[in-house]
2 protein chains.
Amino acid sequence: MKTIARTLMITAAALLVSAPSWAQFAKPEDAVKYRKNALFVMQQNFGRVAAMAAGKAPFDAKVALESATNAEFVGKLPWAAFGEGTDKGDTKAKPEIWTDKAKFNEYAEKMQAEMVKLTVAAKSGNLDSIKVATGAVGGTCKSCHDAFRQ
Amino acid sequence: MKTIARTLMITAAALLVSAPSWAQFAKPEDAVKYRKNALFVMQQNFGRVAAMAAGKAPFDAKVALESATNAEFVGKLPWAAFGEGTDKGDTKAKPEIWTDKAKFNEYAEKMQAEMVKLTVAAKSGNLDSIKVATGAVGGTCKSCHDAFRQ
């Protein structure tokens, strides 16, 4: 009984060690697709608010709030899909994402924090606040893309 | 002054009439990409819970709740991207989506309603409830795909 228990424990430990970090996806390609798709959905929603902030679209407080809320929520999703082994295939991700993970995570968190502020600004319905917040979010997109996207 | 005002009003009215229903997207292709991307992100999250429900993945109540919450939220997004004029391009959408819009909307709403129930089940942490709820969601996916996807 003890031997079986020990064997099971060793097997379980081996599984924990060898499970790839894209394991929540069926294959690494799914992880790549997932993060790209989530980022596109986020960008489309953010872009709608940014267009209003830039005076390129008429300001609609309701649409701005809805879009900011969507962008904030979906902006949380891509990061779980940047696990080890997902650096290949149809991706513009630079190797630095995995060699400088701390900086990448910092950038990802900064973006999400600015997205939270954008939703707060959109709730206020004040276009000037929204302009400031979209500028801050846009800055986090750019700095991360400059450092980590080909 | 009156003439200018009238001209502006007519122009505005014409714009309202002629604005395509994918107007919240820069171009129809973006709408197609948006709905496909949102559906993929939804499916990946739903699939994670469904795998647990089917015994194909170990049950993790925390991951199940997180995934169900994501699937419910993202499952609200694709529908705004099925506007008129988005029936072409890289899409499996059948023309019936636009000729039988009422039925399509009914299916889309049914799916979202079942997703809400799945999150409730995931909150309970009861695997049997989650099994029932994933079955119901899966059924709404299938009936809509059968009717409206090539």
# chains A, B, ... in the order shown; residues from 1 in each chain; ligands from 1
call {"tool": "calpha_fit_rmsd", "arguments": {"fixed": "chain A", "moving": "chain B"}}
result
0.3 Å
call {"tool": "interface_residues", "arguments": {"of": "chain B", "to": "chain A", "cutoff": "7 Å", "atoms": "only C-alpha atoms", "output": "number ranges by chain"}}
result
B: 34, 37-38, 41
call {"tool": "write_last_selection", "arguments": {"atoms": "C-alpha atoms", "output": "PDB file, in the first residue's frame"}}
result
ATOM      1  CA  TYR B  34     -14.400  40.469 -33.951  1.00  0.00           C
ATOM      2  CA  ASN B  37     -12.375  36.118 -32.061  1.00  0.00           C
ATOM      3  CA  ALA B  38     -14.916  36.670 -29.290  1.00  0.00           C
ATOM      4  CA  VAL B  41     -12.247  33.172 -26.525  1.00  0.00           C
TER       5      VAL B  41
END
call {"tool": "select_by_dssp", "arguments": {"residues": "chain B", "states": "alpha helix (DSSP H)", "output": "PyMOL selection string"}}
result
chain B and resi 2-18+28-53+61-74+96-99+101-124+127-148
call {"tool": "closest_residue", "arguments": {"among": "A:Lys123, A:Lys94, A:Lys117, A:Lys27", "to": "Asp60 in chain A", "atoms": "only C-alpha atoms"}}
result
A:Lys123
call {"tool": "residues_around", "arguments": {"residues": "range 125-132 of chain A", "least_positions_apart": "4", "cutoff": "9 Å", "atoms": "only C-alpha atoms", "output": "PyMOL selection string"}}
result
chain A and resi 49-50+52-54+59-62+64-65+117-121+136-137
call {"tool": "closest_residue", "arguments": {"among": "B:Pro95, B:Gly85, B:Gly55, B:Gly139", "to": "Glu114 in chain B", "atoms": "only C-alpha atoms"}}
result
B:Gly139
call {"tool": "atom_distance", "arguments": {"atom1": "CA of Asp87 in chain B", "atom2": "CA of Glu29 in chain A"}}
result
27.2 Å
